[in-house]
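What's in upload07.csv: CSV, C-alpha atoms
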chain,number,residue,atom,x,y,z
A,1,MET,CA,-2.4,-10.1,-26.4
A,2,VAL,CA,-4.8,-11.0,-23.5
A,3,ARG,CA,-3.9,-14.3,-22.0
A,4,TYR,CA,-5.9,-14.0,-18.7
A,5,TYR,CA,-9.5,-13.1,-18.8
A,6,TRP,CA,-11.7,-13.1,-15.6
A,7,GLU,CA,-12.5,-16.8,-16.2
A,8,ASP,CA,-8.8,-17.7,-16.1
A,9,LEU,CA,-8.2,-16.2,-12.6
A,10,GLN,CA,-9.0,-19.0,-10.2
A,11,PRO,CA,-9.1,-18.7,-6.4
A,12,GLY,CA,-6.1,-20.3,-4.8
A,13,SER,CA,-3.7,-19.6,-7.7
A,14,VAL,CA,-0.4,-18.0,-6.7
A,15,ARG,CA,1.9,-16.0,-8.9
A,16,GLU,CA,5.4,-14.8,-8.2
A,17,LEU,CA,5.6,-11.3,-9.6
A,18,GLY,CA,9.3,-10.7,-9.5
A,19,SER,CA,11.5,-8.3,-7.6
A,20,VAL,CA,12.7,-4.7,-7.4
A,21,THR,CA,15.5,-3.0,-5.5
A,22,PRO,CA,15.1,0.7,-4.8
A,23,THR,CA,18.1,2.9,-4.6
A,24,ALA,CA,18.6,5.7,-2.0
A,25,ASP,CA,18.2,8.2,-4.9
A,26,GLU,CA,14.9,6.7,-6.0
A,27,ILE,CA,13.6,6.7,-2.4
A,28,ARG,CA,14.5,10.4,-2.0
A,29,ALA,CA,13.1,11.3,-5.4
A,30,PHE,CA,9.7,9.8,-4.7
A,31,ALA,CA,9.6,11.3,-1.3
A,32,ALA,CA,10.6,14.8,-2.6
A,33,GLN,CA,7.6,14.7,-5.0
A,34,PHE,CA,5.0,13.0,-2.8
A,35,ASP,CA,6.0,12.3,0.8
A,36,PRO,CA,8.6,14.8,2.0
A,37,GLN,CA,8.9,13.6,5.6
A,38,PRO,CA,12.4,13.8,7.0
A,39,PHE,CA,12.9,10.0,7.4
A,40,HIS,CA,12.2,9.5,3.7
A,41,LEU,CA,14.6,12.3,2.6
A,42,ASP,CA,17.6,12.2,4.8
A,43,GLU,CA,19.8,9.5,6.1
A,44,GLN,CA,20.5,11.2,9.5
A,45,ALA,CA,16.8,12.0,10.1
A,46,GLY,CA,16.0,8.3,9.3
A,47,ARG,CA,18.6,7.1,11.8
A,48,GLN,CA,17.0,9.3,14.5
A,49,SER,CA,13.5,8.1,13.7
A,50,VAL,CA,11.7,4.9,14.8
A,51,PHE,CA,12.7,3.4,11.4
A,52,GLY,CA,16.4,3.4,12.1
A,53,GLY,CA,17.5,4.7,8.7
A,54,LEU,CA,16.4,6.4,5.5
A,55,CYS,CA,13.4,4.4,4.3
A,56,ALA,CA,10.9,4.5,1.4
A,57,SER,CA,7.5,6.2,1.6
A,58,GLY,CA,4.9,3.5,2.1
A,59,TRP,CA,3.3,4.9,-1.1
A,60,HIS,CA,6.5,4.3,-3.0
A,61,THR,CA,6.5,0.7,-1.8
A,62,CYS,CA,2.9,0.4,-3.1
A,63,ALA,CA,3.8,2.0,-6.4
A,64,MET,CA,6.8,-0.5,-6.8
A,65,ALA,CA,4.4,-3.4,-6.1
A,66,MET,CA,2.0,-2.0,-8.7
A,67,ARG,CA,4.8,-1.9,-11.3
A,68,LEU,CA,5.7,-5.5,-10.7
A,69,THR,CA,2.0,-6.4,-10.9
A,70,VAL,CA,1.6,-4.7,-14.2
A,71,ASP,CA,4.8,-6.0,-15.7
A,72,ASN,CA,4.4,-9.6,-14.6
A,73,PHE,CA,0.6,-10.1,-14.6
A,74,LEU,CA,-1.8,-7.3,-15.6
A,75,ARG,CA,0.0,-6.6,-18.9
A,76,GLU,CA,-1.2,-10.0,-20.2
A,77,SER,CA,-4.6,-9.7,-18.6
A,78,SER,CA,-7.9,-8.1,-19.4
A,79,SER,CA,-7.6,-5.8,-16.3
A,80,MET,CA,-10.0,-2.9,-16.2
A,81,GLY,CA,-8.8,-1.3,-13.0
A,82,SER,CA,-9.6,-1.6,-9.3
A,83,PRO,CA,-12.3,-0.2,-7.0
A,84,GLY,CA,-10.0,-0.3,-4.0
A,85,LEU,CA,-8.4,-2.3,-1.2
A,86,GLU,CA,-9.8,-3.5,2.1
A,87,LYS,CA,-6.4,-3.8,3.7
A,88,LEU,CA,-3.0,-2.2,3.3
A,89,SER,CA,-0.3,-2.9,5.9
A,90,TRP,CA,3.2,-1.4,6.0
A,91,LEU,CA,4.8,-4.0,8.1
A,92,HIS,CA,8.5,-3.2,8.0
A,93,PRO,CA,10.6,-0.3,6.7
A,94,VAL,CA,12.0,-0.5,3.2
A,95,PHE,CA,15.7,0.6,3.1
A,96,PRO,CA,17.9,1.4,0.0
A,97,GLY,CA,19.2,-1.7,-1.6
A,98,ASP,CA,16.5,-4.0,-0.2
A,99,ARG,CA,15.6,-6.7,-2.7
A,100,LEU,CA,11.8,-6.7,-2.6
A,101,THR,CA,9.9,-9.8,-3.9
A,102,LEU,CA,6.2,-9.8,-4.6
A,103,ARG,CA,3.7,-12.7,-4.4
A,104,HIS,CA,0.1,-12.5,-5.6
A,105,THR,CA,-2.6,-14.9,-4.5
A,106,ILE,CA,-6.2,-14.9,-5.9
A,107,LEU,CA,-8.6,-15.2,-3.0
A,108,GLU,CA,-12.1,-15.0,-4.5
A,109,SER,CA,-13.8,-14.4,-7.8
A,110,ARG,CA,-17.4,-13.5,-8.7
A,111,PRO,CA,-19.3,-12.0,-11.7
A,112,LEU,CA,-20.2,-8.3,-11.5
A,113,ARG,CA,-24.0,-8.0,-11.7
A,114,SER,CA,-23.9,-4.4,-12.7
A,115,LYS,CA,-21.5,-5.0,-15.7
A,116,PRO,CA,-22.1,-8.3,-17.4
A,117,GLU,CA,-18.9,-8.0,-19.4
A,118,LEU,CA,-16.7,-7.8,-16.3
A,119,GLY,CA,-15.9,-10.0,-13.3
A,120,LEU,CA,-14.4,-9.1,-9.9
A,121,VAL,CA,-11.4,-10.8,-8.3
A,122,ARG,CA,-10.2,-10.4,-4.7
A,123,SER,CA,-6.4,-10.8,-4.3
A,124,SER,CA,-3.7,-10.5,-1.8
A,125,TRP,CA,-0.2,-9.1,-2.4
A,126,GLU,CA,2.7,-9.9,-0.1
A,127,MET,CA,6.0,-8.2,-0.5
A,128,SER,CA,9.1,-9.4,1.4
A,129,ASN,CA,12.7,-8.2,1.6
A,130,GLN,CA,15.9,-10.2,1.2
A,131,HIS,CA,15.8,-11.2,4.9
A,132,GLY,CA,12.4,-12.7,4.7
A,133,ASP,CA,10.7,-9.8,6.5
A,134,LYS,CA,7.2,-9.0,5.1
A,135,VAL,CA,7.3,-5.3,4.2
A,136,LEU,CA,3.8,-4.9,2.6
A,137,HIS,CA,0.5,-6.8,2.7
A,138,MET,CA,-2.5,-5.7,0.7
A,139,GLU,CA,-5.9,-7.3,0.0
A,140,GLY,CA,-8.2,-5.8,-2.5
A,141,TYR,CA,-10.2,-6.0,-5.7
A,142,GLY,CA,-9.5,-6.0,-9.5
A,143,MET,CA,-12.0,-5.9,-12.4
A,144,PHE,CA,-11.3,-8.0,-15.5
A,145,ARG,CA,-13.2,-8.4,-18.8
A,146,ARG,CA,-14.8,-11.7,-19.3
A,147,ARG,CA,-14.0,-14.1,-22.1
A,148,GLN,CA,-17.8,-14.7,-22.3
A,149,PRO,CA,-20.0,-11.9,-21.1
A,150,ALA,CA,-22.9,-13.1,-18.9
B,151,MET,CA,8.6,23.3,14.9
B,152,VAL,CA,6.1,20.7,16.1
B,153,ARG,CA,2.6,22.2,16.7
B,154,TYR,CA,0.6,19.0,16.9
B,155,TYR,CA,1.5,16.2,19.2
B,156,TRP,CA,-0.6,13.1,19.7
B,157,GLU,CA,-2.5,14.8,22.5
B,158,ASP,CA,-3.5,17.6,20.2
B,159,LEU,CA,-5.2,15.3,17.7
B,160,GLN,CA,-8.8,15.0,18.9
B,161,PRO,CA,-11.5,12.7,17.5
B,162,GLY,CA,-14.0,14.7,15.5
B,163,SER,CA,-11.6,17.4,14.3
B,164,VAL,CA,-11.7,18.1,10.6
B,165,ARG,CA,-8.9,19.7,8.5
B,166,GLU,CA,-9.1,20.9,4.9
B,167,LEU,CA,-5.8,19.9,3.4
B,168,GLY,CA,-5.8,22.0,0.2
B,169,SER,CA,-6.0,21.0,-3.4
B,170,VAL,CA,-3.9,19.8,-6.3
B,171,THR,CA,-4.6,19.7,-10.1
B,172,PRO,CA,-2.7,17.0,-12.0
B,173,THR,CA,-1.7,17.6,-15.6
B,174,ALA,CA,-1.9,15.0,-18.4
B,175,ASP,CA,2.0,15.0,-18.4
B,176,GLU,CA,2.1,14.3,-14.7
B,177,ILE,CA,-0.5,11.5,-15.0
B,178,ARG,CA,1.5,9.9,-17.8
B,179,ALA,CA,4.9,10.3,-16.1
B,180,PHE,CA,3.7,8.6,-12.9
B,181,ALA,CA,2.1,5.8,-14.9
B,182,ALA,CA,5.2,5.3,-17.0
B,183,GLN,CA,7.2,4.8,-13.9
B,184,PHE,CA,4.8,2.8,-11.7
B,185,ASP,CA,1.5,1.8,-13.4
B,186,PRO,CA,2.0,1.5,-17.2
B,187,GLN,CA,-1.6,0.4,-18.1
B,188,PRO,CA,-2.9,1.8,-21.4
B,189,PHE,CA,-5.7,3.9,-19.8
B,190,HIS,CA,-3.1,5.7,-17.6
B,191,LEU,CA,-0.7,6.4,-20.6
B,192,ASP,CA,-2.8,7.2,-23.6
B,193,GLU,CA,-5.8,9.4,-24.3
B,194,GLN,CA,-7.3,7.1,-26.9
B,195,ALA,CA,-6.9,3.9,-24.8
B,196,GLY,CA,-8.5,5.8,-21.9
B,197,ARG,CA,-11.5,6.8,-24.1
B,198,GLN,CA,-11.9,3.1,-25.1
B,199,SER,CA,-11.8,2.0,-21.5
B,200,VAL,CA,-14.4,1.9,-18.8
B,201,PHE,CA,-13.0,5.2,-17.5
B,202,GLY,CA,-13.9,7.2,-20.6
B,203,GLY,CA,-10.6,9.0,-20.9
B,204,LEU,CA,-6.9,9.2,-19.8
B,205,CYS,CA,-7.0,8.9,-16.0
B,206,ALA,CA,-4.5,8.9,-13.2
B,207,SER,CA,-3.2,5.7,-11.6
B,208,GLY,CA,-5.0,5.2,-8.3
B,209,TRP,CA,-1.6,5.1,-6.6
B,210,HIS,CA,-0.9,8.5,-8.1
B,211,THR,CA,-4.1,9.8,-6.5
B,212,CYS,CA,-3.0,8.4,-3.2
B,213,ALA,CA,0.5,9.9,-3.6
B,214,MET,CA,-1.1,13.3,-4.3
B,215,ALA,CA,-3.2,13.0,-1.2
B,216,MET,CA,-0.1,12.2,0.8
B,217,ARG,CA,1.7,15.3,-0.5
B,218,LEU,CA,-1.3,17.5,0.6
B,219,THR,CA,-1.3,15.7,4.0
B,220,VAL,CA,2.4,16.3,4.5
B,221,ASP,CA,2.3,19.9,3.4
B,222,ASN,CA,-0.8,21.0,5.3
B,223,PHE,CA,-0.7,18.8,8.4
B,224,LEU,CA,2.1,16.3,9.0
B,225,ARG,CA,4.9,18.8,8.5
B,226,GLU,CA,3.8,20.6,11.7
B,227,SER,CA,3.1,17.4,13.6
B,228,SER,CA,5.1,14.8,15.5
B,229,SER,CA,4.2,12.2,12.9
B,230,MET,CA,6.2,8.9,13.0
B,231,GLY,CA,4.7,7.1,10.1
B,232,SER,CA,1.8,4.8,9.6
B,233,PRO,CA,1.2,1.0,10.1
B,234,GLY,CA,-1.4,1.0,7.3
B,235,LEU,CA,-4.9,1.5,6.1
B,236,GLU,CA,-8.1,-0.5,6.7
B,237,LYS,CA,-9.9,1.0,3.7
B,238,LEU,CA,-8.8,2.5,0.4
B,239,SER,CA,-11.5,3.2,-2.3
B,240,TRP,CA,-11.0,4.6,-5.7
B,241,LEU,CA,-14.5,5.9,-6.3
B,242,HIS,CA,-14.2,7.9,-9.5
B,243,PRO,CA,-11.6,8.4,-12.2
B,244,VAL,CA,-9.2,11.3,-11.9
B,245,PHE,CA,-8.8,13.2,-15.2
B,246,PRO,CA,-6.1,15.7,-16.3
B,247,GLY,CA,-7.1,19.2,-15.0
B,248,ASP,CA,-9.3,17.9,-12.2
B,249,ARG,CA,-9.1,20.1,-9.1
B,250,LEU,CA,-8.8,17.6,-6.2
B,251,THR,CA,-9.6,18.8,-2.7
B,252,LEU,CA,-8.7,16.8,0.4
B,253,ARG,CA,-10.4,16.7,3.8
B,254,HIS,CA,-9.0,14.9,6.8
B,255,THR,CA,-11.1,13.8,9.8
B,256,ILE,CA,-9.7,12.3,13.0
B,257,LEU,CA,-11.9,9.3,13.9
B,258,GLU,CA,-10.2,7.8,17.0
B,259,SER,CA,-7.2,8.1,19.2
B,260,ARG,CA,-5.5,5.9,21.7
B,261,PRO,CA,-2.1,5.4,23.4
B,262,LEU,CA,0.2,2.8,22.0
B,263,ARG,CA,0.9,0.3,24.8
B,264,SER,CA,4.0,-1.1,23.2
B,265,LYS,CA,5.6,2.3,22.8
B,266,PRO,CA,4.9,4.7,25.6
B,267,GLU,CA,6.3,7.7,23.7
B,268,LEU,CA,3.8,7.3,20.8
B,269,GLY,CA,0.0,7.5,20.3
B,270,LEU,CA,-2.1,6.0,17.5
B,271,VAL,CA,-4.7,8.1,15.6
B,272,ARG,CA,-7.3,6.6,13.2
B,273,SER,CA,-8.3,9.1,10.4
B,274,SER,CA,-10.3,9.3,7.2
B,275,TRP,CA,-9.3,11.1,4.0
B,276,GLU,CA,-11.8,12.2,1.4
B,277,MET,CA,-10.7,13.6,-1.9
B,278,SER,CA,-13.3,15.2,-4.2
B,279,ASN,CA,-13.0,16.7,-7.7
B,280,GLN,CA,-14.4,20.1,-8.9
B,281,HIS,CA,-17.8,18.6,-9.6
B,282,GLY,CA,-18.2,17.3,-6.1
B,283,ASP,CA,-17.6,13.7,-7.0
B,284,LYS,CA,-15.6,11.8,-4.4
B,285,VAL,CA,-12.6,10.3,-6.1
B,286,LEU,CA,-10.8,8.7,-3.1
B,287,HIS,CA,-11.7,7.6,0.4
B,288,MET,CA,-9.2,6.2,2.8
B,289,GLU,CA,-9.3,5.2,6.5
B,290,GLY,CA,-6.2,4.3,8.4
B,291,TYR,CA,-3.7,4.8,11.1
B,292,GLY,CA,-0.9,7.3,12.0
B,293,MET,CA,1.6,7.2,14.8
B,294,PHE,CA,2.5,10.5,16.6
B,295,ARG,CA,5.0,11.3,19.4
B,296,ARG,CA,3.3,12.3,22.6
B,297,ARG,CA,3.8,15.6,24.3
B,298,GLN,CA,4.1,13.6,27.6
B,299,PRO,CA,5.2,10.0,27.3
B,300,ALA,CA,3.0,7.6,29.4
Can the structure from this file be put into structure tokens for me?
Amino acid sequence: MVRYYWEDLQPGSVRELGSVTPTADEIRAFAAQFDPQPFHLDEQAGRQSVFGGLCASGWHTCAMAMRLTVDNFLRESSSMGSPGLEKLSWLHPVFPGDRLTLRHTILESRPLRSKPELGLVRSSWEMSNQHGDKVLHMEGYGMFRRRQPA
Amino acid sequence: MVRYYWEDLQPGSVRELGSVTPTADEIRAFAAQFDPQPFHLDEQAGRQSVFGGLCASGWHTCAMAMRLTVDNFLRESSSMGSPGLEKLSWLHPVFPGDRLTLRHTILESRPLRSKPELGLVRSSWEMSNQHGDKVLHMEGYGMFRRRQPA
């Protein structure tokens, strides 16, 4: 079921990875488990914070971006995980009911010398809300199996 | 209940932020919701992958590190969120039953010119497993209210 091997992931290519709309319950549930700060748990605490309202944990925003990336790209690829990111910016709060749209751009690509069956791809992810505000920007790496090992 | 304002967060200070041990069920539950790749969902798919076994989503590892940071540091601080990270490295797979220990080091501190009531702190987080392997390294920023606004 693999459509995209490393060789198919060309620098400059842009993919729209769909959208997600978190509810207040989802925001509070994630926060209760992983980031129980008042402005992620409680509407009034959110209003009194710099954010101006109940807002999603930044890690929840990243996790939602990951789900869109898996569903709309990695699922059909030869992805073998990621060594990490070199940039992760939370640019604007994510509020309940926001419609978050994700765009993925391939920036660079190179073989992995240490593993001839894999290649490395550097990408950026930009997530925006329904008002056009960028809420998340990430740049980082993914490893993919090659169609033809070196 | 605030013990740590921006002024109290001095470069060079190191905090041990406790430990967490994810179960296979927790790893699969996070993956099912946010990162449904085979090696995060299924033991056999994990064994056949570069990771060598069922392993946690990198975002799950970050979320567990966040929970330790909130419980053992931010909860007693004047934290007002984070604009982002400049580094996020997933260095080693996280397997079910791994005991993950987190260390936080404050690297730099400066006032925020745009918001006189806040200061910015740059920190690193290092998470290691029970064998001493580093599994996660992050460097990034946090905003904290000041004891005395500028």
Would you mind reading off the distance between CA of Ser124 (chain A) and CA of Gly202 (chain B), one decimal, in Å?
->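 Between these atoms lies a distance of 27.8 Å.
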Could you list, as an MDAnalysis selection string, the residues of chain B having an atom within 9 Å of chain A when counting all atoms listed in the file?
-> chainID B and resid 181 183:187 189 199:201 208:210 212:221 224:225 229:242 290
Given the selection you just returned, output its residues as a file containing C-alpha atoms, formatted as a PDB file, in the frame of the given file.
ATOM      1  CA  ALA B 181       2.100   5.800 -14.900  1.00  0.00           C
ATOM      2  CA  GLN B 183       7.200   4.800 -13.900  1.00  0.00           C
ATOM      3  CA  PHE B 184       4.800   2.800 -11.700  1.00  0.00           C
ATOM      4  CA  ASP B 185       1.500   1.800 -13.400  1.00  0.00           C
ATOM      5  CA  PRO B 186       2.000   1.500 -17.200  1.00  0.00           C
ATOM      6  CA  GLN B 187      -1.600   0.400 -18.100  1.00  0.00           C
ATOM      7  CA  PHE B 189      -5.700   3.900 -19.800  1.00  0.00           C
ATOM      8  CA  SER B 199     -11.800   2.000 -21.500  1.00  0.00           C
ATOM      9  CA  VAL B 200     -14.400   1.900 -18.800  1.00  0.00           C
ATOM     10  CA  PHE B 201     -13.000   5.200 -17.500  1.00  0.00           C
ATOM     11  CA  GLY B 208      -5.000   5.200  -8.300  1.00  0.00           C
ATOM     12  CA  TRP B 209      -1.600   5.100  -6.600  1.00  0.00           C
ATOM     13  CA  HIS B 210      -0.900   8.500  -8.100  1.00  0.00           C
ATOM     14  CA  CYS B 212      -3.000   8.400  -3.200  1.00  0.00           C
ATOM     15  CA  ALA B 213       0.500   9.900  -3.600  1.00  0.00           C
ATOM     16  CA  MET B 214      -1.100  13.300  -4.300  1.00  0.00           C
ATOM     17  CA  ALA B 215      -3.200  13.000  -1.200  1.00  0.00           C
ATOM     18  CA  MET B 216      -0.100  12.200   0.800  1.00  0.00           C
ATOM     19  CA  ARG B 217       1.700  15.300  -0.500  1.00  0.00           C
ATOM     20  CA  LEU B 218      -1.300  17.500   0.600  1.00  0.00           C
ATOM     21  CA  THR B 219      -1.300  15.700   4.000  1.00  0.00           C
ATOM     22  CA  VAL B 220       2.400  16.300   4.500  1.00  0.00           C
ATOM     23  CA  ASP B 221       2.300  19.900   3.400  1.00  0.00           C
ATOM     24  CA  LEU B 224       2.100  16.300   9.000  1.00  0.00           C
ATOM     25  CA  ARG B 225       4.900  18.800   8.500  1.00  0.00           C
ATOM     26  CA  SER B 229       4.200  12.200  12.900  1.00  0.00           C
ATOM     27  CA  MET B 230       6.200   8.900  13.000  1.00  0.00           C
ATOM     28  CA  GLY B 231       4.700   7.100  10.100  1.00  0.00           C
ATOM     29  CA  SER B 232       1.800   4.800   9.600  1.00  0.00           C
ATOM     30  CA  PRO B 233       1.200   1.000  10.100  1.00  0.00           C
ATOM     31  CA  GLY B 234      -1.400   1.000   7.300  1.00  0.00           C
ATOM     32  CA  LEU B 235      -4.900   1.500   6.100  1.00  0.00           C
ATOM     33  CA  GLU B 236      -8.100  -0.500   6.700  1.00  0.00           C
ATOM     34  CA  LYS B 237      -9.900   1.000   3.700  1.00  0.00           C
ATOM     35  CA  LEU B 238      -8.800   2.500   0.400  1.00  0.00           C
ATOM     36  CA  SER B 239     -11.500   3.200  -2.300  1.00  0.00           C
ATOM     37  CA  TRP B 240     -11.000   4.600  -5.700  1.00  0.00           C
ATOM     38  CA  LEU B 241     -14.500   5.900  -6.300  1.00  0.00           C
ATOM     39  CA  HIS B 242     -14.200   7.900  -9.500  1.00  0.00           C
ATOM     40  CA  GLY B 290      -6.200   4.300   8.400  1.00  0.00           C
TER      41      GLY B 290
END
As a PDB file with C-alpha atoms, keeping the file's coordinate frame, please: the residues near Tyr154 (chain B) (cut-off 10 Å, only C-alpha atoms, same-chain neighbours under 2 positions excluded).
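After the write, selection37.pdb holds the following:
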ATOM      1  CA  MET B 151       8.600  23.300  14.900  1.00  0.00           C
ATOM      2  CA  VAL B 152       6.100  20.700  16.100  1.00  0.00           C
ATOM      3  CA  TRP B 156      -0.600  13.100  19.700  1.00  0.00           C
ATOM      4  CA  GLU B 157      -2.500  14.800  22.500  1.00  0.00           C
ATOM      5  CA  ASP B 158      -3.500  17.600  20.200  1.00  0.00           C
ATOM      6  CA  LEU B 159      -5.200  15.300  17.700  1.00  0.00           C
ATOM      7  CA  PHE B 223      -0.700  18.800   8.400  1.00  0.00           C
ATOM      8  CA  LEU B 224       2.100  16.300   9.000  1.00  0.00           C
ATOM      9  CA  ARG B 225       4.900  18.800   8.500  1.00  0.00           C
ATOM     10  CA  GLU B 226       3.800  20.600  11.700  1.00  0.00           C
ATOM     11  CA  SER B 227       3.100  17.400  13.600  1.00  0.00           C
ATOM     12  CA  SER B 228       5.100  14.800  15.500  1.00  0.00           C
ATOM     13  CA  SER B 229       4.200  12.200  12.900  1.00  0.00           C
ATOM     14  CA  PHE B 294       2.500  10.500  16.600  1.00  0.00           C
ATOM     15  CA  ARG B 295       5.000  11.300  19.400  1.00  0.00           C
ATOM     16  CA  ARG B 296       3.300  12.300  22.600  1.00  0.00           C
ATOM     17  CA  ARG B 297       3.800  15.600  24.300  1.00  0.00           C
TER      18      ARG B 297
END
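As for CA of Thr21 (chain A) and CA of Arg122 (chain A), they are spaced 26.8 Å apart.
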Select, from B:Ser278, B:Thr173, B:Gln194, B:Ser273, the residue with the minimum atom-to-atom distance to Thr255 (chain B), counting only C-alpha atoms.
->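 The answer is B:Ser273, which sits nearest to Thr255 (chain B).
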Between CA of Gly53 (chain A) and CA of Phe95 (chain A), what is the spacing in Å?
->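 Atom-to-atom, CA of Phe95 (chain A) and CA of Gly53 (chain A) are spaced 7.2 Å apart.
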Who sits within 12 Å of Lys134 (chain A), only C-alpha atoms, same chain under 5 positions skipped, as a VMD selection string = chain A and resid 61 89 to 94 98 to 103 125 to 129
May I have the residues within 9 Å of Pro266 (chain B) as a list in words, using only C-alpha atoms and disregarding those fewer than 4 positions away in the same chain?
-> Pro261, Leu262, Arg296, Pro299 and Ala300 of chain B
